[in-house]
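*Asks:* Coordinates in structure.txt, compact mmCIF, C-alpha atoms and all ligand atoms, are listed below.
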```
# COMPACT_ATOMS: atom_id res chain seq x y z
CA MET E 9 112.38 112.01 130.05
CA ALA E 10 113.81 111.84 126.48
CA GLU E 11 112.64 114.44 123.96
CA VAL E 12 110.28 113.08 121.29
CA ASN E 13 110.17 114.60 117.79
CA LEU E 14 106.54 115.66 117.90
CA GLU E 15 106.11 116.04 114.15
CA ILE E 16 107.23 112.49 113.34
CA ALA E 17 105.52 111.20 116.45
CA ALA E 18 102.16 112.66 115.40
CA SER E 19 101.57 110.34 112.44
CA ALA E 20 103.65 107.48 113.87
CA SER E 21 101.55 107.49 117.02
CA ILE E 22 98.34 107.18 114.98
CA HIS E 23 99.93 104.31 113.06
CA LEU E 24 100.97 102.64 116.30
CA VAL E 25 97.46 102.73 117.74
CA CYS E 26 95.95 101.51 114.44
CA ALA E 27 98.50 98.67 114.26
CA PHE E 28 97.69 97.67 117.84
CA LEU E 29 93.94 97.62 117.12
CA ALA E 30 94.52 95.59 113.94
CA MET E 31 96.67 93.15 115.94
CA GLU E 32 99.72 93.58 113.77
CA PRO E 33 102.63 91.32 114.83
CA PRO E 34 104.40 92.61 117.99
CA GLN E 35 107.57 93.31 115.99
CA VAL E 36 105.61 95.78 113.83
CA LEU E 37 104.34 97.56 116.96
CA ILE E 38 107.88 97.76 118.33
CA SER E 39 109.22 99.30 115.13
CA LEU E 40 106.38 101.86 115.06
CA ALA E 41 107.04 102.65 118.73
CA ARG E 42 110.66 103.34 117.82
CA VAL E 43 109.56 105.75 115.10
CA CYS E 44 107.43 107.56 117.71
CA GLY E 45 110.44 107.88 119.99
CA ASP E 46 112.98 108.85 117.33
CA GLY E 47 114.66 105.44 117.57
CA SER E 48 114.10 104.76 121.23
CA ILE E 49 111.21 103.35 123.24
CA ALA E 50 111.59 106.25 125.61
CA PRO E 51 109.43 106.62 128.76
CA ALA E 52 107.20 109.07 126.87
CA VAL E 53 106.56 106.43 124.20
CA GLN E 54 105.86 103.78 126.84
CA LYS E 55 103.41 106.18 128.49
CA PHE E 56 101.75 106.77 125.12
CA ILE E 57 101.39 103.01 124.57
CA TRP E 58 99.95 102.65 128.06
CA ASP E 59 97.48 105.52 127.67
CA HIS E 60 96.29 104.77 124.14
CA CYS E 61 96.62 101.01 123.73
CA LEU E 62 96.75 99.20 127.04
CA SER E 63 95.11 101.06 129.90
CA LYS E 64 91.56 100.73 128.62
CA ASP E 65 91.65 97.13 127.45
CA GLY E 66 90.31 95.68 130.74
CA LEU E 67 92.01 92.36 129.94
CA LYS E 68 89.56 91.93 127.05
CA SER E 69 92.24 91.63 124.38
CA HIS E 70 93.57 88.36 123.06
CA GLY E 71 95.76 87.04 125.91
CA PRO E 72 98.55 85.32 123.94
CA TYR E 73 98.87 88.36 121.67
CA MET E 74 99.06 90.80 124.60
CA LYS E 75 101.56 88.63 126.46
CA SER E 76 103.75 88.36 123.41
CA PHE E 77 103.60 92.12 122.75
CA LEU E 78 104.26 93.12 126.36
CA LYS E 79 107.14 90.65 126.76
CA LYS E 80 108.79 91.90 123.57
CA LEU E 81 108.23 95.54 124.49
CA ILE E 82 109.65 95.15 127.99
CA ALA E 83 112.65 93.14 126.69
CA GLU E 84 113.45 95.83 124.08
CA VAL E 85 113.21 98.64 126.64
CA GLU E 86 115.43 96.72 129.07
CA VAL E 87 118.05 96.16 126.37
CA GLU E 88 118.07 99.92 125.79
CA GLY E 89 118.86 100.38 129.47
CA ILE E 90 115.82 102.58 129.97
CA ASP E 91 113.40 102.34 132.91
CA VAL E 92 110.33 100.26 132.14
CA LEU E 93 107.03 101.85 133.11
CA ASP E 94 105.61 100.00 136.16
CA GLU E 95 102.22 99.72 134.45
CA LEU E 96 103.72 97.57 131.68
CA TYR E 97 105.11 95.02 134.19
CA GLU E 98 101.82 95.05 136.07
CA HIS E 99 99.75 94.55 132.93
CA LEU E 100 101.92 91.65 131.80
CA ALA E 101 101.56 90.06 135.24
CA LEU E 102 97.76 90.40 134.97
CA TYR E 103 97.74 88.69 131.60
CA MET E 104 100.07 85.95 132.87
CA THR E 105 97.56 85.09 135.59
CA SER E 106 94.42 85.79 133.55
CA ILE E 107 91.87 83.00 133.19
CA LYS E 108 91.29 84.07 129.55
CA ASP E 109 93.69 81.49 128.18
CA VAL E 110 91.63 78.67 129.69
CA HIS E 111 88.77 79.77 127.42
CA LEU E 112 91.13 79.91 124.47
CA GLU E 113 92.28 76.34 125.09
CA LYS E 114 88.61 75.29 125.00
CA GLY E 115 88.36 76.57 121.44
CA ASP E 116 87.16 80.16 121.86
CA LYS E 117 89.63 81.43 119.29
CA ARG E 118 87.88 84.51 117.95
CA VAL E 119 89.41 87.94 118.26
CA LEU E 120 88.18 91.42 117.44
CA LYS E 121 90.46 93.25 115.03
CA GLN E 122 89.94 96.81 113.86
CA VAL E 123 91.00 97.68 110.33
CA SER E 124 91.50 101.47 110.16
CA PHE E 125 91.70 103.04 106.72
CA ILE E 126 93.57 106.34 107.03
CA PHE E 127 92.62 108.82 104.30
CA PRO E 128 94.88 111.42 102.74
CA ASP E 129 94.07 115.11 103.38
CA ASP E 130 92.16 115.70 100.14
CA TYR E 131 90.07 112.51 100.15
CA TYR E 132 86.96 114.11 101.59
CA LYS E 133 87.00 116.82 98.95
CA SER E 134 84.88 114.31 97.06
CA PRO E 135 81.23 115.47 97.30
CA ILE E 136 80.16 111.95 98.27
CA PHE E 137 81.81 112.19 101.69
CA GLU E 138 82.08 114.73 104.40
CA GLU E 139 83.06 112.91 107.53
CA SER E 140 86.21 111.87 109.41
CA ARG E 141 89.75 111.14 108.22
CA LYS E 142 89.49 107.51 109.19
CA LEU E 143 87.21 104.58 108.46
CA VAL E 144 87.41 102.05 111.28
CA VAL E 145 86.01 98.58 110.57
CA PRO E 146 85.77 96.21 113.56
CA LEU E 147 85.83 92.58 112.47
CA GLN E 148 85.51 89.39 114.41
CA CYS E 149 88.12 87.00 113.04
CA SER E 150 89.59 83.66 113.87
CA VAL E 151 93.14 83.33 115.16
CA ASN E 152 93.33 80.13 113.15
CA MET E 153 93.72 80.98 109.43
CA LEU E 154 92.06 77.77 108.27
CA GLU E 155 88.93 77.96 110.44
CA GLY E 156 85.61 78.26 108.59
CA ASP E 157 87.24 76.97 105.39
CA THR E 158 89.64 79.97 105.50
CA GLY E 159 86.77 82.48 105.58
CA CYS E 160 87.13 83.73 109.15
CA SER E 161 90.48 85.47 108.54
CA ILE E 162 91.27 88.71 106.75
CA TRP E 163 93.23 87.83 103.61
CA PRO E 164 95.51 90.35 101.88
CA ALA E 165 93.44 90.49 98.69
CA SER E 166 90.44 91.78 100.64
CA LEU E 167 92.62 94.55 102.10
CA TYR E 168 93.73 95.43 98.57
CA LEU E 169 90.23 95.28 97.11
CA SER E 170 88.95 97.41 99.99
CA GLU E 171 91.67 100.01 99.36
CA PHE E 172 90.69 99.93 95.68
CA ILE E 173 87.00 100.49 96.46
CA ILE E 174 87.75 103.41 98.77
CA SER E 175 90.29 104.88 96.31
CA PHE E 176 87.86 104.74 93.37
CA PRO E 177 84.41 105.22 94.98
CA GLU E 178 82.90 106.49 91.73
CA ILE E 179 83.17 102.97 90.22
CA PHE E 180 80.97 101.48 92.93
CA SER E 181 78.72 104.30 94.12
CA GLY E 182 75.09 103.66 93.11
CA LYS E 183 75.94 100.20 91.71
CA SER E 184 74.53 96.84 92.69
CA CYS E 185 77.37 94.59 93.84
CA PHE E 186 77.71 90.87 94.45
CA GLU E 187 80.73 89.33 96.18
CA VAL E 188 81.75 85.67 96.00
CA GLY E 189 83.66 84.09 98.92
CA SER E 190 83.11 87.13 101.17
CA GLY E 191 84.84 85.76 104.28
CA VAL E 192 84.73 88.25 107.17
CA GLY E 193 82.90 90.87 105.05
CA LEU E 194 85.45 93.68 104.83
CA VAL E 195 84.91 94.28 101.09
CA GLY E 196 81.13 94.49 101.55
CA ILE E 197 81.43 96.99 104.38
CA CYS E 198 83.70 99.18 102.21
CA LEU E 199 81.15 98.95 99.37
CA ALA E 200 78.48 100.20 101.78
CA HIS E 201 80.81 103.03 102.82
CA VAL E 202 81.10 104.26 99.22
CA ASN E 203 77.32 104.05 98.79
CA ALA E 204 76.88 101.04 96.52
CA SER E 205 73.12 100.78 95.92
CA THR E 206 72.91 97.15 97.06
CA VAL E 207 75.55 94.75 98.32
CA MET E 208 75.01 91.01 98.24
CA LEU E 209 77.70 89.07 100.10
CA SER E 210 78.00 85.33 99.68
CA ASP E 211 80.00 82.42 100.99
CA GLY E 212 79.81 78.66 100.72
CA ASP E 213 80.84 77.97 104.29
CA LEU E 214 78.12 78.21 106.94
CA SER E 215 80.36 79.08 109.90
CA THR E 216 81.97 81.82 107.78
CA LEU E 217 78.51 83.12 106.93
CA ALA E 218 77.51 83.23 110.62
CA ASN E 219 80.67 85.18 111.41
CA LEU E 220 80.03 87.49 108.44
CA LYS E 221 76.52 88.29 109.72
CA LEU E 222 77.96 89.17 113.10
CA ASN E 223 80.46 91.51 111.43
CA LEU E 224 77.66 93.26 109.55
CA GLU E 225 75.98 93.87 112.92
CA LEU E 226 79.24 95.22 114.35
CA ASN E 227 79.44 97.68 111.45
CA LYS E 228 75.94 99.13 111.54
CA HIS E 229 77.54 102.57 111.97
CA ILE E 230 78.98 102.26 108.43
CA ILE E 231 76.24 100.29 106.71
CA ARG E 232 73.38 102.45 108.09
CA THR E 233 70.70 100.95 105.82
CA ASP E 234 69.67 97.37 105.13
CA SER E 235 71.26 97.50 101.67
CA VAL E 236 73.84 94.85 102.61
CA ARG E 237 72.66 91.26 102.72
CA CYS E 238 74.39 87.90 102.80
CA ILE E 239 73.50 84.53 101.36
CA HIS E 240 74.80 80.98 101.25
CA VAL E 241 76.28 80.34 97.80
CA PRO E 242 78.45 77.22 97.48
CA TRP E 243 79.89 77.47 93.97
CA GLU E 244 79.45 73.75 93.32
CA SER E 245 75.67 73.75 93.75
CA ALA E 246 74.72 77.37 93.01
CA ASN E 247 71.70 77.48 90.75
CA ALA E 248 72.28 79.34 87.47
CA ASN E 249 68.81 80.94 87.43
CA ASP E 250 69.09 82.08 91.05
CA LEU E 251 72.46 83.65 90.30
CA LYS E 252 71.18 85.40 87.17
CA GLU E 253 68.27 86.88 89.12
CA ASN E 254 70.73 89.02 91.08
CA ARG E 255 71.74 90.94 87.92
CA PRO E 256 74.60 92.79 89.67
CA ASP E 257 76.45 95.63 87.96
CA ILE E 258 79.66 94.61 89.66
CA ILE E 259 80.92 91.25 90.93
CA LEU E 260 83.82 91.08 93.36
CA GLY E 261 86.09 88.37 94.71
CA ALA E 262 89.17 88.50 96.95
CA ASP E 263 91.58 85.61 97.37
CA VAL E 264 89.19 83.10 95.83
CA ILE E 265 91.63 81.57 93.31
CA TYR E 266 93.51 78.96 95.33
CA ASN E 267 91.79 75.60 95.21
CA PRO E 268 92.04 73.95 91.75
CA GLU E 269 89.08 71.67 92.50
CA CYS E 270 86.78 74.66 93.12
CA LEU E 271 87.89 76.70 90.11
CA PRO E 272 85.53 75.22 87.46
CA HIS E 273 82.61 75.94 89.80
CA LEU E 274 83.85 79.43 90.61
CA VAL E 275 84.22 80.26 86.92
CA ARG E 276 80.71 78.93 86.23
CA VAL E 277 79.33 81.18 88.99
CA LEU E 278 81.21 84.19 87.60
CA GLY E 279 79.89 83.38 84.10
CA CYS E 280 76.28 83.28 85.36
CA LEU E 281 76.64 86.59 87.22
CA LEU E 282 78.32 88.29 84.24
CA ASN E 283 75.86 87.02 81.67
CA ARG E 284 73.10 89.56 80.98
CA GLU E 285 70.37 89.01 78.41
CA LYS E 286 71.51 90.17 74.97
CA SER E 287 68.89 92.93 74.74
CA SER E 288 70.23 94.80 77.78
CA SER E 289 73.92 94.28 77.08
CA THR E 290 75.25 97.56 75.79
CA VAL E 291 78.97 97.87 76.47
CA GLN E 292 78.24 100.48 79.18
CA SER E 293 75.76 98.29 81.02
CA ARG E 294 77.75 95.07 80.83
CA PRO E 295 78.58 93.77 84.32
CA VAL E 296 82.21 93.57 85.31
CA ALA E 297 83.98 91.46 87.92
CA TYR E 298 86.91 92.75 90.00
CA ILE E 299 88.99 89.89 91.29
CA ALA E 300 91.96 90.56 93.60
CA SER E 301 94.44 87.79 94.16
CA VAL E 302 97.84 86.82 95.46
CA ILE E 303 99.21 84.32 92.93
CA ARG E 304 100.65 81.71 95.26
CA ASN E 305 100.69 78.82 92.80
CA ILE E 306 101.18 79.65 89.13
CA ASP E 307 99.71 76.32 87.92
CA THR E 308 96.48 77.02 89.81
CA PHE E 309 96.33 80.50 88.38
CA ASN E 310 97.00 79.26 84.84
CA LEU E 311 94.19 76.74 85.24
CA PHE E 312 91.91 79.65 86.20
CA LEU E 313 92.94 81.49 83.00
CA VAL E 314 92.18 78.42 80.86
CA LEU E 315 88.76 77.99 82.46
CA VAL E 316 87.97 81.68 82.03
CA LYS E 317 88.81 81.44 78.33
CA GLU E 318 86.72 78.27 77.88
CA ALA E 319 83.78 80.09 79.49
CA LYS E 320 84.10 82.86 76.87
CA LEU E 321 85.05 85.46 79.45
CA SER E 322 87.70 88.15 78.98
CA ILE E 323 90.21 88.76 81.72
CA GLU E 324 92.53 91.74 82.06
CA ASP E 325 95.23 92.43 84.62
CA ILE E 326 94.67 96.07 85.61
CA THR E 327 97.14 96.18 88.50
CA GLU E 328 99.57 98.44 86.66
CA LYS E 329 97.02 100.31 84.53
CA GLY E 330 96.46 103.46 86.55
CA SER E 331 94.34 101.43 88.95
CA LYS E 332 96.71 101.40 91.90
CA PRO E 333 94.75 102.07 95.07
CA MET E 334 95.98 104.57 97.63
CA ASN E 335 97.95 103.16 100.52
CA LEU E 336 95.28 103.56 103.17
CA LEU E 337 96.79 101.03 105.57
CA PRO E 338 100.30 102.48 106.03
CA TYR E 339 100.69 100.98 109.52
CA MET E 340 99.95 97.43 108.38
CA HIS E 341 103.50 96.29 107.72
CA SER E 342 102.48 92.63 107.61
CA TYR E 343 100.41 93.31 104.49
CA ASP E 344 102.57 93.07 101.36
CA ARG E 345 100.76 95.10 98.71
CA SER E 346 103.40 94.29 96.09
CA SER E 347 102.22 90.67 95.92
CA LEU E 348 98.67 91.63 94.89
CA ARG E 349 97.14 91.53 91.40
CA LEU E 350 93.82 92.98 90.37
CA PHE E 351 91.88 91.60 87.40
CA THR E 352 88.71 92.59 85.62
CA ILE E 353 86.59 89.90 84.01
CA THR E 354 83.79 90.58 81.55
CA MET E 355 81.68 88.55 79.18
CA ASP E 356 83.62 88.10 75.95
CA ILE E 357 82.25 90.79 73.57
CA THR E 358 81.71 88.22 70.80
CA SER E 359 79.48 86.06 73.00
CA CYS E 360 77.23 88.88 74.20
C1 LIG E 401 90.93 82.69 101.24
S1 LIG E 401 89.32 83.03 101.79
C2 LIG E 401 89.11 84.73 101.32
C3 LIG E 401 88.07 85.39 102.13
C4 LIG E 401 87.87 86.88 101.84
N1 LIG E 401 87.41 87.10 100.49
C5 LIG E 401 89.16 87.62 102.08
O1 LIG E 401 89.88 87.93 101.09
O2 LIG E 401 89.48 87.92 103.24
C6 LIG E 401 88.30 82.19 100.56
C7 LIG E 401 86.81 82.36 100.79
O3 LIG E 401 86.10 81.66 99.76
C8 LIG E 401 85.12 80.80 100.35
N2 LIG E 401 85.02 79.60 99.51
C9 LIG E 401 85.99 78.69 99.26
N3 LIG E 401 85.53 77.71 98.49
C10 LIG E 401 84.23 78.01 98.23
C11 LIG E 401 83.21 77.36 97.48
N4 LIG E 401 83.46 76.22 96.85
N5 LIG E 401 82.00 77.95 97.42
C12 LIG E 401 81.76 79.12 98.03
N6 LIG E 401 82.68 79.77 98.78
C13 LIG E 401 83.89 79.21 98.88
C14 LIG E 401 85.67 80.48 101.73
O4 LIG E 401 84.66 80.08 102.65
C15 LIG E 401 86.33 81.77 102.12
O5 LIG E 401 85.42 82.67 102.71
```
Would you write out, as structure tokens, the structure that this file holds?
Ligand SMILES: C[S@@+](CC[C@H](N)C(=O)[O-])C[C@H]1O[C@@H](n2cnc3c(N)ncnc32)[C@H](O)[C@@H]1O

*Replies:*
Amino acid sequence: MAEVNLEIAASASIHLVCAFLAMEPPQVLISLARVCGDGSIAPAVQKFIWDHCLSKDGLKSHGPYMKSFLKKLIAEVEVEGIDVLDELYEHLALYMTSIKDVHLEKGDKRVLKQVSFIFPDDYYKSPIFEESRKLVVPLQCSVNMLEGDTGCSIWPASLYLSEFIISFPEIFSGKSCFEVGSGVGLVGICLAHVNASTVMLSDGDLSTLANLKLNLELNKHIIRTDSVRCIHVPWESANANDLKENRPDIILGADVIYNPECLPHLVRVLGCLLNREKSSSTVQSRPVAYIASVIRNIDTFNLFLVLVKEAKLSIEDITEKGSKPMNLLPYMHSYDRSSLRLFTITMDITSC
């Protein structure tokens, strides 16, 4: 059996398991497996994958994903000229004959992903926390990015905003928070983790909202209290008075700037949530919105800026202003942090 560099393998093996649970693309798993084995998918690495990723799955994982991973893994090992562990062939054979795919063809396209935030050594020196080195968030997602009006997938901006929340817990701890376009609910669960006083999650799509509620149930171990709630808020018809009643300290949104037709409504909703009565609006108590976004279409983003200005809101790009979150998802190679921007939006000081 080939020697494995145990020191490198220690963190790489954690990353490999986290990547598997998050359903990172098979190629990512292969490259992490190679790091574990000092360049080779040696028998010891295959055994590790079997013991920690495959042996306990009981054919419950997403069939097409498992087939693709196992095929790629076996092919790479064979090319290396190394013996393939029998269990890997057997597991692939089981998935090839599994009836699971029949269910998938009928439309049962939900999968359970686990997003594991891995904290640096000194993170829990903060008095707010005392527990483990990892925060694991199970999330039911769709394998189809566009299902539930896009809201049943984990988008990169919610990963970034979640890393930001966990990196700067003091901003959110004890604050009332309101998220627009919450999708699968990852941001809200992270807000609960850092002890936000209340968390209101919202979405305009009903199937997304049903999935979000299920994810809150799945994460009872993190949420602990009933401080996290979710409501149906389509931006087009959201009532200004209802929105203002929430009076959140902090408003959040991840990957919500993409549809030009929705933008005027989104900006109106943000304006209502940010607008506090004049008497209570000291600079310190003014609400602030944190909006994370990948700018995929510059015209759409520029339209958002124009609408924000027309609504007498101030926007600031804080991505490079000492606000970089820690890299808490180092195994998630499919997530390109460099494409993310983080903005704050407040009520224009002159209009308060
Ligand atoms: C690209 S997804 C982002 C989801 C989640 N924030 C994330 O980053 O993973 C956009 C979200 O905004 C919601 N959304 C889109 N248009 C909306 C509208 N007009 N009113 C309310 N929610 C809307 C979608 O249902 C979806 O959950």

*Asks:* Using only C-alpha atoms and all ligand atoms, which protein or nucleic acid residues are at most 9 Å from ligand LIG 401 (chain E), as a ChimeraX atom specification?

*Replies:* /E:153-154,156-169,187-195,210-217,240-246,260-267,269-271,273-274,300-301

*Asks:* How about saving the chosen residues, C-alpha atoms kept, as an mmCIF file, in the frame of the given file?

*Replies:*
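What landed in again_15.cif:
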```cif
data_model
loop_
_atom_site.group_PDB
_atom_site.id
_atom_site.type_symbol
_atom_site.label_atom_id
_atom_site.label_comp_id
_atom_site.auth_asym_id
_atom_site.auth_seq_id
_atom_site.Cartn_x
_atom_site.Cartn_y
_atom_site.Cartn_z
ATOM 1 C CA MET E 153 93.720 80.980 109.430
ATOM 2 C CA LEU E 154 92.060 77.770 108.270
ATOM 3 C CA GLY E 156 85.610 78.260 108.590
ATOM 4 C CA ASP E 157 87.240 76.970 105.390
ATOM 5 C CA THR E 158 89.640 79.970 105.500
ATOM 6 C CA GLY E 159 86.770 82.480 105.580
ATOM 7 C CA CYS E 160 87.130 83.730 109.150
ATOM 8 C CA SER E 161 90.480 85.470 108.540
ATOM 9 C CA ILE E 162 91.270 88.710 106.750
ATOM 10 C CA TRP E 163 93.230 87.830 103.610
ATOM 11 C CA PRO E 164 95.510 90.350 101.880
ATOM 12 C CA ALA E 165 93.440 90.490 98.690
ATOM 13 C CA SER E 166 90.440 91.780 100.640
ATOM 14 C CA LEU E 167 92.620 94.550 102.100
ATOM 15 C CA TYR E 168 93.730 95.430 98.570
ATOM 16 C CA LEU E 169 90.230 95.280 97.110
ATOM 17 C CA GLU E 187 80.730 89.330 96.180
ATOM 18 C CA VAL E 188 81.750 85.670 96.000
ATOM 19 C CA GLY E 189 83.660 84.090 98.920
ATOM 20 C CA SER E 190 83.110 87.130 101.170
ATOM 21 C CA GLY E 191 84.840 85.760 104.280
ATOM 22 C CA VAL E 192 84.730 88.250 107.170
ATOM 23 C CA GLY E 193 82.900 90.870 105.050
ATOM 24 C CA LEU E 194 85.450 93.680 104.830
ATOM 25 C CA VAL E 195 84.910 94.280 101.090
ATOM 26 C CA SER E 210 78.000 85.330 99.680
ATOM 27 C CA ASP E 211 80.000 82.420 100.990
ATOM 28 C CA GLY E 212 79.810 78.660 100.720
ATOM 29 C CA ASP E 213 80.840 77.970 104.290
ATOM 30 C CA LEU E 214 78.120 78.210 106.940
ATOM 31 C CA SER E 215 80.360 79.080 109.900
ATOM 32 C CA THR E 216 81.970 81.820 107.780
ATOM 33 C CA LEU E 217 78.510 83.120 106.930
ATOM 34 C CA HIS E 240 74.800 80.980 101.250
ATOM 35 C CA VAL E 241 76.280 80.340 97.800
ATOM 36 C CA PRO E 242 78.450 77.220 97.480
ATOM 37 C CA TRP E 243 79.890 77.470 93.970
ATOM 38 C CA GLU E 244 79.450 73.750 93.320
ATOM 39 C CA SER E 245 75.670 73.750 93.750
ATOM 40 C CA ALA E 246 74.720 77.370 93.010
ATOM 41 C CA LEU E 260 83.820 91.080 93.360
ATOM 42 C CA GLY E 261 86.090 88.370 94.710
ATOM 43 C CA ALA E 262 89.170 88.500 96.950
ATOM 44 C CA ASP E 263 91.580 85.610 97.370
ATOM 45 C CA VAL E 264 89.190 83.100 95.830
ATOM 46 C CA ILE E 265 91.630 81.570 93.310
ATOM 47 C CA TYR E 266 93.510 78.960 95.330
ATOM 48 C CA ASN E 267 91.790 75.600 95.210
ATOM 49 C CA GLU E 269 89.080 71.670 92.500
ATOM 50 C CA CYS E 270 86.780 74.660 93.120
ATOM 51 C CA LEU E 271 87.890 76.700 90.110
ATOM 52 C CA HIS E 273 82.610 75.940 89.800
ATOM 53 C CA LEU E 274 83.850 79.430 90.610
ATOM 54 C CA ALA E 300 91.960 90.560 93.600
ATOM 55 C CA SER E 301 94.440 87.790 94.160
#
```

*Asks:* Within 12 Å of (69.8, 83.8, 91.1), in the coordinates the file gives, what residues turn up when you count all atoms listed in the file, written out as a list in words?

*Replies:*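 Final list of nearby residues, as requested, is Phe186, Met208, Ser210, Ile239, His240, Val241, Ser245, Ala246, Asn247, Ala248, Asn249, Asp250, Leu251, Lys252, Glu253, Asn254, Arg255, Pro256, Val277, Leu278, Cys280, Leu281, Leu282 and Asn283 of chain E.
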
*Asks:* Check the smallest atom-to-atom distance from each of E:Gly66, E:Pro72, E:Gly279, E:Gly182 to Met355 in chain E using only C-alpha atoms, then report the winner.

*Replies:*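 So, comparing all the options, the nearest one is E:Gly279.
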
*Asks:* What is the CA of Ala83 in chain E to CA of Ala101 in chain E distance in Å?

*Replies:* 14.3 Å

*Asks:* Can you pull out every residue within 12 Å of Ser19 in chain E, counting all atoms listed in the file, but drop anything in the same chain fewer than 6 positions away, and send it as a list in words?

*Replies:* Asn13, Val25, Cys26, Leu40, Ala41, Val43, Cys44, Gly45, Ile126, Pro128, Pro338 and Tyr339 of chain E

*Asks:* Any idea what the distance is between CA of Ser342 in chain E and CA of Val144 in chain E?

*Replies:* 18.1 Å

*Asks:* Grab the CA of Cys198 in chain E to CA of Ser347 in chain E distance for me, in Å with one decimal place.

*Replies:*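 These two atoms are separated by 21.3 Å.
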
*Asks:* Which of these residues is nearest to Asn203 in chain E, using all atoms listed in the file: E:Lys221, E:Arg294, E:Arg304, E:Arg232?

*Replies:* E:Arg232

*Asks:* Please list as a list in words every residue within 7 Å of Phe180 in chain E, counting only C-alpha atoms and excluding residues in the same chain fewer than 5 positions away.

*Replies:*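 Within the cut-off, the hits are Leu199, Val202 and Ala204 of chain E.
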
*Asks:* Ranking E:Leu147, E:Lys142, E:Asp91, E:Lys121 by minimum distance to Asn227 in chain E and counting only C-alpha atoms, which one comes first?

*Replies:*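 Once distances to Asn227 in chain E are computed over only C-alpha atoms, the minimum belongs to E:Leu147.
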
*Asks:* Applying 7 Å and all atoms listed in the file, which residues near Ile38 in chain E remain after dropping the ones on its own chain fewer than 4 positions away? List them as a list in words.

*Replies:*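 Residues meeting the cut-off are Pro34, Arg42 and Leu81 of chain E.
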
*Asks:* Can I get the selected residues back with C-alpha atoms, as a JSON list (two decimals), in the coordinates of the input?

*Replies:*
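Wrote again.json, looks like this:
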```
[["chain", "number", "residue", "atom", "x", "y", "z"],
["E", 34, "PRO", "CA", 104.40, 92.61, 117.99],
["E", 42, "ARG", "CA", 110.66, 103.34, 117.82],
["E", 81, "LEU", "CA", 108.23, 95.54, 124.49]]
```
